[in-house]
$ cat target-v5.csv   # CSV, C-alpha atoms and all ligand atoms
chain,number,residue,atom,x,y,z
N,1176,MET,CA,68.2,62.6,41.4
N,1177,SER,CA,65.8,60.2,43.2
N,1178,LYS,CA,62.1,60.4,42.9
N,1179,LYS,CA,59.3,59.5,45.3
N,1180,ALA,CA,56.1,58.1,43.9
N,1181,GLU,CA,52.9,58.0,45.9
N,1182,PRO,CA,50.6,54.9,45.8
N,1183,ARG,CA,47.5,55.2,43.6
N,1184,HIS,CA,44.0,54.8,45.1
N,1185,LEU,CA,44.9,52.7,48.0
N,1186,ILE,CA,42.5,52.2,50.9
N,1187,LEU,CA,44.0,49.9,53.5
N,1188,PRO,CA,41.8,47.7,55.7
N,1189,THR,CA,41.3,49.0,59.2
N,1190,VAL,CA,43.5,47.2,61.7
N,1191,VAL,CA,41.8,46.5,65.0
N,1192,VAL,CA,44.5,46.7,67.7
N,1193,PRO,CA,43.7,44.3,70.6
N,1194,PRO,CA,44.2,45.3,74.2
N,1195,HIS,CA,47.5,44.2,75.7
N,1196,PRO,CA,46.9,40.7,77.1
N,1197,VAL,CA,47.1,40.5,80.9
N,1198,TRP,CA,48.5,37.2,82.1
N,1199,PRO,CA,47.9,35.9,85.7
N,1200,SER,CA,51.0,36.8,87.7
N,1201,LEU,CA,53.1,33.9,88.9
N,1202,SER,CA,55.2,33.5,92.0
N,1203,SER,CA,58.9,32.8,91.4
N,1204,GLU,CA,58.3,29.2,92.5
N,1205,GLU,CA,55.4,28.9,90.0
N,1206,LYS,CA,57.6,30.4,87.3
N,1207,THR,CA,60.5,28.0,88.0
N,1208,ALA,CA,58.1,25.0,87.9
N,1209,LEU,CA,56.6,26.1,84.6
N,1210,LYS,CA,60.1,26.7,83.1
N,1211,THR,CA,61.3,23.3,84.3
N,1212,ARG,CA,58.3,21.6,82.8
N,1213,ILE,CA,58.7,23.4,79.5
N,1214,LYS,CA,62.4,22.6,79.2
N,1215,ALA,CA,61.7,18.9,79.8
N,1216,LEU,CA,59.0,19.0,77.1
N,1217,LEU,CA,61.3,20.7,74.7
N,1218,GLN,CA,63.8,17.9,75.1
N,1219,GLU,CA,61.2,15.2,75.0
N,1220,LYS,CA,59.6,16.5,71.8
N,1221,ASP,CA,62.9,17.3,70.1
N,1222,ALA,CA,61.9,20.9,70.0
N,1223,VAL,CA,63.7,24.2,70.2
N,1224,LEU,CA,62.4,27.6,71.3
N,1225,VAL,CA,63.0,30.6,69.1
N,1226,ALA,CA,61.9,33.9,70.6
N,1227,HIS,CA,61.9,37.5,69.4
N,1228,TYR,CA,63.4,40.4,71.4
N,1229,TYR,CA,59.9,41.9,71.9
N,1230,THR,CA,58.6,38.9,73.9
N,1231,SER,CA,58.6,38.9,77.7
N,1232,ALA,CA,61.8,38.6,79.6
N,1233,ASP,CA,60.6,35.2,80.9
N,1234,LEU,CA,60.4,33.8,77.4
N,1235,GLN,CA,63.7,35.3,76.3
N,1236,GLU,CA,65.4,33.8,79.3
N,1237,LEU,CA,63.8,30.5,78.8
N,1238,ALA,CA,64.8,30.4,75.1
N,1239,GLU,CA,68.5,31.0,76.0
N,1240,GLU,CA,68.5,28.7,79.0
N,1241,SER,CA,67.0,25.8,76.9
N,1242,GLY,CA,69.5,26.1,74.0
N,1243,GLY,CA,67.2,28.1,71.7
N,1244,CYS,CA,67.7,31.7,70.6
N,1245,VAL,CA,66.5,35.2,71.2
N,1246,ALA,CA,66.9,37.3,68.1
N,1247,ASP,CA,65.5,39.6,65.5
N,1248,SER,CA,63.4,38.1,62.7
N,1249,LEU,CA,66.3,37.6,60.3
N,1250,GLU,CA,68.3,35.7,62.9
N,1251,MET,CA,65.3,33.7,64.1
N,1252,ALA,CA,64.8,32.5,60.5
N,1253,ARG,CA,68.5,31.6,60.2
N,1254,PHE,CA,68.7,29.9,63.6
N,1255,GLY,CA,65.5,27.8,63.0
N,1256,HIS,CA,66.7,26.8,59.6
N,1257,GLU,CA,70.1,25.6,60.8
N,1258,HIS,CA,69.0,24.0,64.1
N,1259,PRO,CA,68.5,20.2,63.9
N,1260,ALA,CA,65.4,20.0,66.1
N,1261,ALA,CA,62.3,18.4,64.4
N,1262,THR,CA,60.0,21.0,66.0
N,1263,LEU,CA,60.4,24.8,66.1
N,1264,VAL,CA,58.4,26.7,68.7
N,1265,VAL,CA,58.3,30.3,67.6
N,1266,ALA,CA,57.5,32.9,70.3
N,1267,GLY,CA,56.7,35.9,68.2
N,1268,VAL,CA,54.1,36.9,65.7
N,1269,ARG,CA,52.5,34.9,62.9
N,1270,PHE,CA,54.7,35.9,60.0
N,1271,MET,CA,57.7,34.6,62.0
N,1272,GLY,CA,56.0,31.2,62.3
N,1273,GLU,CA,55.1,31.2,58.7
N,1274,THR,CA,58.7,32.1,57.6
N,1275,ALA,CA,60.0,29.3,59.8
N,1276,LYS,CA,57.6,26.8,58.2
N,1277,ILE,CA,58.5,28.0,54.6
N,1278,LEU,CA,62.2,27.6,55.3
N,1279,ASN,CA,61.6,24.2,57.0
N,1280,ILE,CA,58.7,22.6,55.3
N,1281,GLU,CA,59.6,19.2,56.7
N,1282,LYS,CA,59.7,20.4,60.3
N,1283,ARG,CA,56.7,21.0,62.6
N,1284,VAL,CA,56.3,24.7,63.6
N,1285,LEU,CA,54.2,25.6,66.7
N,1286,MET,CA,53.3,29.0,68.1
N,1287,PRO,CA,51.9,29.8,71.5
N,1288,ASP,CA,49.2,31.9,69.8
N,1289,PRO,CA,48.8,31.8,66.0
N,1290,GLY,CA,46.4,34.8,66.4
N,1291,ALA,CA,49.4,37.0,67.3
N,1292,THR,CA,49.6,39.0,64.1
N,1293,CYS,CA,51.1,42.4,63.2
N,1294,SER,CA,49.6,45.7,62.0
N,1295,LEU,CA,51.9,45.7,59.0
N,1296,ASP,CA,50.8,42.2,57.9
N,1297,GLU,CA,47.1,42.9,58.7
N,1298,ALA,CA,47.1,46.1,56.5
N,1299,CYS,CA,48.7,44.4,53.5
N,1300,PRO,CA,46.2,41.8,52.3
N,1301,ALA,CA,47.5,39.7,49.4
N,1302,GLU,CA,44.8,40.5,46.8
N,1303,LEU,CA,45.0,44.2,47.2
N,1304,PHE,CA,48.8,44.1,47.3
N,1305,SER,CA,49.0,42.0,44.1
N,1306,ALA,CA,46.7,44.6,42.3
N,1307,PHE,CA,49.1,47.3,43.5
N,1308,CYS,CA,52.1,45.5,42.1
N,1309,ASP,CA,50.3,45.1,38.8
N,1310,GLN,CA,50.3,48.9,38.5
N,1311,TYR,CA,54.1,49.0,38.6
N,1312,PRO,CA,55.3,46.1,36.4
N,1313,ASP,CA,58.7,47.7,35.9
N,1314,HIS,CA,59.4,47.8,39.7
N,1315,THR,CA,61.3,45.3,41.7
N,1316,VAL,CA,59.0,44.2,44.5
N,1317,VAL,CA,60.7,44.3,47.9
N,1318,VAL,CA,58.6,43.3,51.0
N,1319,TYR,CA,59.5,43.5,54.6
N,1320,ALA,CA,59.5,40.2,56.5
N,1321,ASN,CA,56.4,41.4,58.4
N,1322,THR,CA,54.0,40.1,55.7
N,1323,SER,CA,51.9,37.0,55.0
N,1324,ALA,CA,53.3,34.0,53.0
N,1325,ALA,CA,51.0,35.1,50.1
N,1326,VAL,CA,52.5,38.6,49.9
N,1327,LYS,CA,56.0,37.2,50.1
N,1328,ALA,CA,55.1,34.8,47.2
N,1329,ARG,CA,54.2,37.9,45.1
N,1330,SER,CA,57.5,39.6,45.8
N,1331,ASP,CA,61.0,39.5,44.3
N,1332,TRP,CA,62.8,40.1,47.6
N,1333,VAL,CA,62.1,39.8,51.3
N,1334,VAL,CA,64.1,42.0,53.7
N,1335,THR,CA,64.3,42.7,57.4
N,1336,SER,CA,65.3,46.1,58.8
N,1337,GLY,CA,68.8,44.8,59.3
N,1338,ILE,CA,69.5,44.6,55.6
N,1339,ALA,CA,66.8,46.9,54.0
N,1340,LEU,CA,69.2,49.8,53.3
N,1341,ALA,CA,72.0,47.6,51.9
N,1342,LEU,CA,69.5,45.9,49.6
N,1343,ALA,CA,68.0,49.2,48.4
N,1344,ARG,CA,71.5,50.5,47.6
N,1345,HIS,CA,72.3,47.3,45.8
N,1346,LEU,CA,69.2,47.5,43.7
N,1347,ALA,CA,69.6,51.2,43.0
N,1348,ALA,CA,73.1,50.6,41.8
N,1349,ARG,CA,71.7,48.1,39.3
N,1350,GLY,CA,69.2,50.8,38.1
N,1351,GLU,CA,66.2,49.0,39.5
N,1352,LYS,CA,63.1,50.9,40.7
N,1353,ILE,CA,61.6,49.5,43.9
N,1354,LEU,CA,58.1,48.9,45.0
N,1355,TRP,CA,58.3,48.8,48.8
N,1356,ALA,CA,55.9,47.3,51.3
N,1357,PRO,CA,54.4,47.5,53.8
N,1358,ASP,CA,56.1,49.9,56.3
N,1359,ARG,CA,56.1,53.4,54.9
N,1360,HIS,CA,58.4,54.9,57.5
N,1361,LEU,CA,61.1,52.3,57.0
N,1362,GLY,CA,60.5,52.7,53.2
N,1363,HIS,CA,60.9,56.5,53.3
N,1364,TYR,CA,64.0,56.2,55.5
N,1365,VAL,CA,65.6,53.7,53.1
N,1366,GLN,CA,64.7,55.9,50.1
N,1367,GLU,CA,66.2,59.0,51.7
N,1368,GLN,CA,69.4,57.1,52.6
N,1369,SER,CA,69.8,55.1,49.3
N,1370,GLY,CA,68.5,57.6,46.8
N,1371,ALA,CA,66.6,54.7,45.2
N,1372,GLU,CA,63.5,55.4,43.1
N,1373,MET,CA,60.7,53.9,45.1
N,1374,VAL,CA,56.9,53.6,45.4
N,1375,PHE,CA,55.5,52.8,48.8
N,1376,TRP,CA,52.7,50.8,50.4
N,1377,PRO,CA,51.4,53.1,53.2
N,1378,GLY,CA,51.4,50.7,56.1
N,1379,SER,CA,52.8,51.3,59.6
N,1380,CYS,CA,53.6,49.5,62.8
N,1381,VAL,CA,51.3,50.5,65.7
N,1382,VAL,CA,54.1,50.5,68.1
N,1383,HIS,CA,56.7,52.6,66.3
N,1384,GLU,CA,54.1,54.9,64.8
N,1385,GLU,CA,53.3,56.2,68.3
N,1386,PHE,CA,56.7,57.7,69.2
N,1387,ARG,CA,56.3,61.4,69.4
N,1388,ALA,CA,58.9,63.8,68.1
N,1389,VAL,CA,58.2,66.9,70.2
N,1390,ALA,CA,58.0,64.9,73.4
N,1391,LEU,CA,61.3,63.2,72.4
N,1392,GLU,CA,62.9,66.7,72.0
N,1393,ARG,CA,61.9,67.5,75.5
N,1394,LEU,CA,63.2,64.3,76.9
N,1395,ARG,CA,66.6,64.9,75.1
N,1396,ARG,CA,66.8,68.3,76.8
N,1397,ILE,CA,66.4,66.7,80.2
N,1398,HIS,CA,69.0,64.0,79.3
N,1399,PRO,CA,71.5,65.8,77.1
N,1400,GLN,CA,74.1,63.0,77.5
N,1401,ALA,CA,71.8,60.2,76.4
N,1402,ALA,CA,72.3,58.6,73.0
N,1403,VAL,CA,69.0,58.3,71.0
N,1404,LEU,CA,68.5,54.8,69.5
N,1405,VAL,CA,65.6,54.6,66.9
N,1406,HIS,CA,64.1,51.7,65.0
N,1407,PRO,CA,63.5,52.8,61.4
N,1408,GLU,CA,59.8,51.9,61.6
N,1409,SER,CA,59.4,55.1,63.5
N,1410,PRO,CA,58.2,58.4,62.0
N,1411,ALA,CA,60.7,60.5,60.1
N,1412,GLN,CA,60.8,63.3,62.8
N,1413,VAL,CA,61.8,60.8,65.4
N,1414,ILE,CA,64.4,59.1,63.1
N,1415,ALA,CA,65.8,62.6,62.5
N,1416,GLN,CA,66.7,62.9,66.2
N,1417,ALA,CA,68.5,59.6,66.3
N,1418,ASP,CA,72.2,59.0,67.0
N,1419,VAL,CA,71.7,55.4,65.8
N,1420,VAL,CA,69.0,54.1,63.4
N,1421,GLY,CA,68.9,50.4,63.1
N,1422,SER,CA,67.3,47.0,63.5
N,1423,THR,CA,66.7,45.6,67.0
N,1424,THR,CA,70.1,43.8,66.8
N,1425,ALA,CA,71.9,47.0,65.8
N,1426,LEU,CA,70.3,48.9,68.7
N,1427,ILE,CA,71.3,46.3,71.2
N,1428,GLU,CA,74.9,46.4,69.8
N,1429,ALA,CA,74.8,50.2,70.1
N,1430,VAL,CA,74.1,50.1,73.8
N,1431,VAL,CA,77.1,47.8,74.3
N,1432,ARG,CA,79.4,49.7,71.9
N,1433,LEU,CA,78.8,53.4,72.7
N,1434,PRO,CA,80.5,55.1,75.7
N,1435,ASN,CA,77.2,56.8,76.8
N,1436,GLN,CA,75.7,55.8,80.1
N,1437,GLU,CA,72.2,56.8,79.2
N,1438,PHE,CA,70.1,55.8,76.2
N,1439,ILE,CA,66.7,56.9,74.9
N,1440,VAL,CA,65.2,53.9,73.0
N,1441,ALA,CA,62.5,54.2,70.4
N,1442,THR,CA,61.3,50.6,69.8
N,1443,ASP,CA,59.2,48.0,71.7
N,1444,LYS,CA,60.3,48.0,75.3
N,1445,GLY,CA,60.6,44.2,75.3
N,1446,ILE,CA,64.1,44.9,73.9
N,1447,PHE,CA,65.2,46.3,77.3
N,1448,SER,CA,65.5,42.8,78.7
N,1449,LYS,CA,68.3,41.9,76.2
N,1450,MET,CA,69.9,45.4,76.4
N,1451,ARG,CA,70.1,45.1,80.3
N,1452,GLN,CA,71.6,41.7,80.0
N,1453,SER,CA,74.2,42.9,77.3
N,1454,ALA,CA,75.1,46.1,79.0
N,1455,PRO,CA,74.4,46.0,82.7
N,1456,GLY,CA,74.6,49.3,84.5
N,1457,LYS,CA,73.6,51.4,81.6
N,1458,VAL,CA,70.4,53.5,82.0
N,1459,LEU,CA,67.6,52.9,79.5
N,1460,LEU,CA,64.8,55.4,79.0
N,1461,GLU,CA,61.7,54.8,76.9
N,1462,ALA,CA,61.2,57.2,74.1
N,1463,PRO,CA,57.9,59.0,74.7
N,1464,THR,CA,54.6,57.7,73.2
N,1465,VAL,CA,52.6,60.5,74.9
N,1466,GLY,CA,52.1,64.1,73.9
N,1467,GLU,CA,50.2,65.8,71.2
N,1468,GLY,CA,48.3,63.5,69.0
N,1469,ALA,CA,49.1,60.4,71.2
N,1470,THR,CA,46.8,57.4,70.8
N,1471,CYS,CA,48.8,55.0,72.9
N,1472,GLN,CA,47.2,51.9,71.5
N,1473,SER,CA,50.4,50.1,72.3
N,1474,CYS,CA,52.5,52.4,74.5
N,1475,ALA,CA,55.7,50.9,73.2
N,1476,SER,CA,54.6,47.3,73.8
N,1477,CYS,CA,53.3,45.3,70.9
N,1478,PRO,CA,50.0,43.7,72.0
N,1479,TRP,CA,50.4,40.8,69.6
N,1480,MET,CA,53.9,40.0,70.9
N,1481,GLY,CA,52.3,40.1,74.4
N,1482,MET,CA,50.1,37.1,73.4
N,1483,ASN,CA,53.1,34.9,74.0
N,1484,SER,CA,53.5,33.6,77.6
N,1485,LEU,CA,54.9,30.8,79.6
N,1486,GLN,CA,51.4,29.5,80.1
N,1487,ASN,CA,50.3,29.1,76.5
N,1488,LEU,CA,53.8,27.9,75.5
N,1489,LEU,CA,53.4,25.0,78.0
N,1490,THR,CA,49.9,24.2,76.5
N,1491,VAL,CA,51.3,24.1,73.0
N,1492,LEU,CA,54.0,21.7,74.0
N,1493,GLU,CA,51.7,19.5,75.9
N,1494,THR,CA,49.0,19.3,73.2
N,1495,GLY,CA,50.9,19.9,70.0
N,1496,SER,CA,48.2,22.4,69.1
N,1497,ASN,CA,48.7,25.7,67.1
N,1498,GLU,CA,50.7,24.1,64.3
N,1499,ILE,CA,51.5,26.6,61.6
N,1500,LEU,CA,50.8,25.3,58.1
N,1501,VAL,CA,51.5,26.9,54.8
N,1502,PRO,CA,50.3,25.2,51.6
N,1503,PRO,CA,53.3,23.6,49.9
N,1504,GLU,CA,52.8,25.4,46.5
N,1505,LEU,CA,52.6,28.8,48.3
N,1506,ALA,CA,55.5,28.0,50.5
N,1507,ALA,CA,57.6,27.1,47.4
N,1508,LYS,CA,56.9,30.5,45.9
N,1509,ALA,CA,57.5,32.4,49.1
N,1510,LEU,CA,60.7,30.5,49.6
N,1511,VAL,CA,62.4,32.1,46.6
N,1512,PRO,CA,62.5,35.8,47.9
N,1513,ILE,CA,63.2,34.5,51.4
N,1514,ARG,CA,66.3,32.6,50.2
N,1515,ARG,CA,67.4,35.7,48.3
N,1516,MET,CA,67.3,37.6,51.5
N,1517,LEU,CA,69.3,35.0,53.4
N,1518,ASP,CA,71.9,34.7,50.6
N,1519,PHE,CA,72.2,38.5,50.4
N,1520,ALA,CA,72.6,38.8,54.2
N,1521,ARG,CA,75.3,36.1,54.1
N,1522,GLN,CA,77.2,38.0,51.4
N,1523,LEU,CA,77.0,41.2,53.5
N,1524,GLN,CA,78.6,39.4,56.4
N,1525,GLY,CA,81.4,38.5,54.0
D,1,LIG,S1,56.1,45.7,67.0
D,1,LIG,FE1,55.0,46.5,65.1
D,1,LIG,S2,56.1,45.5,63.5
D,1,LIG,FE2,56.6,44.3,65.3
D,1,LIG,S3,55.0,42.7,65.4
D,1,LIG,FE3,54.2,44.4,66.6
D,1,LIG,S4,53.0,45.6,65.2
D,1,LIG,FE4,54.3,44.2,63.9
$ encode --input "target-v5.csv" --output "C-alpha cells"
Amino acid sequence: MSKKAEPRHLILPTVVVPPHPVWPSLSSEEKTALKTRIKALLQEKDAVLVAHYYTSADLQELAEESGGCVADSLEMARFGHEHPAATLVVAGVRFMGETAKILNIEKRVLMPDPGATCSLDEACPAELFSAFCDQYPDHTVVVYANTSAAVKARSDWVVTSGIALALARHLAARGEKILWAPDRHLGHYVQEQSGAEMVFWPGSCVVHEEFRAVALERLRRIHPQAAVLVHPESPAQVIAQADVVGSTTALIEAVVRLPNQEFIVATDKGIFSKMRQSAPGKVLLEAPTVGEGATCQSCASCPWMGMNSLQNLLTVLETGSNEILVPPELAAKALVPIRRMLDFARQLQG
C-alpha cells in the first residue's frame, strides 16, 4: 500500500508571472528576410537551432528548415548533445539552455532571452530545496528537468514528463522512497499510477495549473467525439478526464495515431503548430482555462516561452550575446543525474 507524505513547513517564493510579450508584427516579406538572415548566420557561426514545442510557429519552422530540431526537453537535450555544431542556440526557457550547457560544456550555448524562466524553476530555489532534501535523507531525490542547475546538482535523478512514470515504477520496484520536485500535479499523478512512496515539493506550472475541470466537462459534452489529451502537469480533476495523459511528444503522437477527428488539448497551445503539421485536417480545441476560479495569467500560452522570437534570435546570432554559463564544478555535479536520465531513457527505448 503506497503512502503520501506532505511537505513540512514549506513556504515557496512568490512567482511573478510576466505579461505575455507582444512582438511587432511582421509582413511575410519581412519574416522571410529575417529567416534567410538567421539561416545564413547559423551556418556562418557553426550553430544549430533547438526549439521547444511551446515556442512560436515561426521559430519551430525555422528550426526544422535550418537542420535543427523541434522537440520536448528530453529530445532537445539529446539532439544538442549529439549534434556536431560548436554553438547551440536554444529557443525555450532557461533550464533548457542550462541543461544544454551542462551536457556540452565545451560548446557555446546561446538563448534569445536568458530571462525566459519557468514558474517551476522559480518556485524551487536551491537553498530551500536542499534544506527540504535534508529532512528526508532516506529518500531518492528525483527532480523534473524544469529546475536550475543547482537543484539538479542536489538530486539523484533528473526526469522529464516522458519518462517520469517509468522511473518511479523502476525506483518503487527497488523499494526506494522518492522525494519529488518541483511539480506537484505531475508528482501526484506519478504516485497514483506507480504506487511509489513519495513526498512532494508543492510547485506548479502556471500554464497547466489553469486548466479548469468543470469547464472541460462542459466542452466534452459539446464535443462528445473528441479525444481529450492532457499533459500531467495539469490538476488531477483535469487528468481524470483524459483519454491520453503524456508528455508533449506523447500528445502529438496521439493526435496522429488515434482515429478521432477532434481533440481537446490541455497543454500550452504552442504545441498546435506541430500537431497541425503532423496530422493535417484534424480539429484541435483548446482545453478551457476560463470558468470558476480562473486567473488566466497565461491562458494556455507560457509567457516565458513567448520571450523567444525571430527578432531576438537574430540579435543573439549577430552579437553572440546571451551566452549561458554554468560554473564547471556545478555542471559536473548536475551532469550525474542528467546522464542517469539519458541512460534510463535509452534503456526504455530498448
Ligand atoms: S509551460 Fe509551464 S513548465 Fe513549461 S516553461 Fe512555461 S511555466 Fe514552465
$ closest_residue --input "target-v5.csv" --among "N:Pro1478, N:Pro1399, N:Gly1456, N:Pro1289" --to "ligand LIG 1 (chain D)" --atoms "only C-alpha atoms and all ligand atoms"
N:Pro1478
$ residues_around --input "target-v5.csv" --residues "region 1210-1222 of chain N" --least-positions-apart "6" --cutoff "10 Å" --atoms "all atoms listed in the file" --output "PyMOL selection string"
chain N and resi 1204+1233-1234+1236-1238+1240-1243+1258-1264+1282-1285+1485-1486+1488-1493+1495
$ residues_near_ligand --input "target-v5.csv" --ligand "ligand LIG 1 (chain D)" --cutoff "8 Å" --atoms "all atoms listed in the file" --output "PDB file with C-alpha atoms, in the frame of the given file"
ATOM      1  CA  TYR N1229      59.900  41.900  71.900  1.00  0.00           C
ATOM      2  CA  GLY N1267      56.700  35.900  68.200  1.00  0.00           C
ATOM      3  CA  VAL N1268      54.100  36.900  65.700  1.00  0.00           C
ATOM      4  CA  THR N1292      49.600  39.000  64.100  1.00  0.00           C
ATOM      5  CA  CYS N1293      51.100  42.400  63.200  1.00  0.00           C
ATOM      6  CA  SER N1294      49.600  45.700  62.000  1.00  0.00           C
ATOM      7  CA  LEU N1295      51.900  45.700  59.000  1.00  0.00           C
ATOM      8  CA  ASP N1296      50.800  42.200  57.900  1.00  0.00           C
ATOM      9  CA  ASN N1321      56.400  41.400  58.400  1.00  0.00           C
ATOM     10  CA  SER N1379      52.800  51.300  59.600  1.00  0.00           C
ATOM     11  CA  CYS N1380      53.600  49.500  62.800  1.00  0.00           C
ATOM     12  CA  VAL N1381      51.300  50.500  65.700  1.00  0.00           C
ATOM     13  CA  VAL N1382      54.100  50.500  68.100  1.00  0.00           C
ATOM     14  CA  HIS N1383      56.700  52.600  66.300  1.00  0.00           C
ATOM     15  CA  GLU N1408      59.800  51.900  61.600  1.00  0.00           C
ATOM     16  CA  THR N1442      61.300  50.600  69.800  1.00  0.00           C
ATOM     17  CA  ASP N1443      59.200  48.000  71.700  1.00  0.00           C
ATOM     18  CA  SER N1476      54.600  47.300  73.800  1.00  0.00           C
ATOM     19  CA  CYS N1477      53.300  45.300  70.900  1.00  0.00           C
ATOM     20  CA  PRO N1478      50.000  43.700  72.000  1.00  0.00           C
ATOM     21  CA  TRP N1479      50.400  40.800  69.600  1.00  0.00           C
ATOM     22  CA  MET N1480      53.900  40.000  70.900  1.00  0.00           C
TER      23      MET N1480
END
$ closest_residue --input "target-v5.csv" --among "N:Leu1404, N:Phe1447, N:Trp1198, N:Ala1507" --to "Lys1276 (chain N)" --atoms "only C-alpha atoms"
N:Ala1507
$ axis_aligned_box --input "target-v5.csv" --around "region 1446-1450 of chain N" --padding-each-side "5 Å" --output "AutoDock Vina command-line options"
--center_x 67.0 --center_y 44.1 --center_z 76.3 --size_x 15.8 --size_y 14.4 --size_z 14.8
$ atom_distance --input "target-v5.csv" --atom1 "CA of Ala1275 (chain N)" --atom2 "CA of Phe1254 (chain N)"
9.5 Å
$ atom_distance --input "target-v5.csv" --atom1 "CA of Ala1339 (chain N)" --atom2 "CA of Ile1427 (chain N)"
17.8 Å
$ residues_near_point --input "target-v5.csv" --point "(67.1, 30.0, 70.5)" --cutoff "7 Å" --atoms "only C-alpha atoms" --output "ChimeraX atom specification"
/N:1223-1226,1238-1239,1242-1245
$ write_last_selection --input "target-v5.csv" --atoms "C-alpha atoms" --output "compact mmCIF listing (two decimals), in the frame of the given file"
# COMPACT_ATOMS: atom_id res chain seq x y z
CA VAL N 1223 63.70 24.20 70.20
CA LEU N 1224 62.40 27.60 71.30
CA VAL N 1225 63.00 30.60 69.10
CA ALA N 1226 61.90 33.90 70.60
CA ALA N 1238 64.80 30.40 75.10
CA GLU N 1239 68.50 31.00 76.00
CA GLY N 1242 69.50 26.10 74.00
CA GLY N 1243 67.20 28.10 71.70
CA CYS N 1244 67.70 31.70 70.60
CA VAL N 1245 66.50 35.20 71.20
$ closest_residue --input "target-v5.csv" --among "N:Ile1353, N:Ala1343, N:Ala1390, N:Leu1517" --to "Ser1369 (chain N)" --atoms "all atoms listed in the file"
N:Ala1343
$ atom_distance --input "target-v5.csv" --atom1 "CA of Ala1347 (chain N)" --atom2 "CA of Arg1359 (chain N)"
18.1 Å
$ residues_near_point --input "target-v5.csv" --point "(53.7, 33.9, 60.6)" --cutoff "8 Å" --atoms "all atoms listed in the file" --output "list of chain:residue names"
N:Val1268, N:Arg1269, N:Phe1270, N:Met1271, N:Gly1272, N:Glu1273, N:Thr1274, N:Ala1275, N:Pro1289, N:Thr1292, N:Thr1322, N:Ser1323, N:Ala1324, N:Ile1499
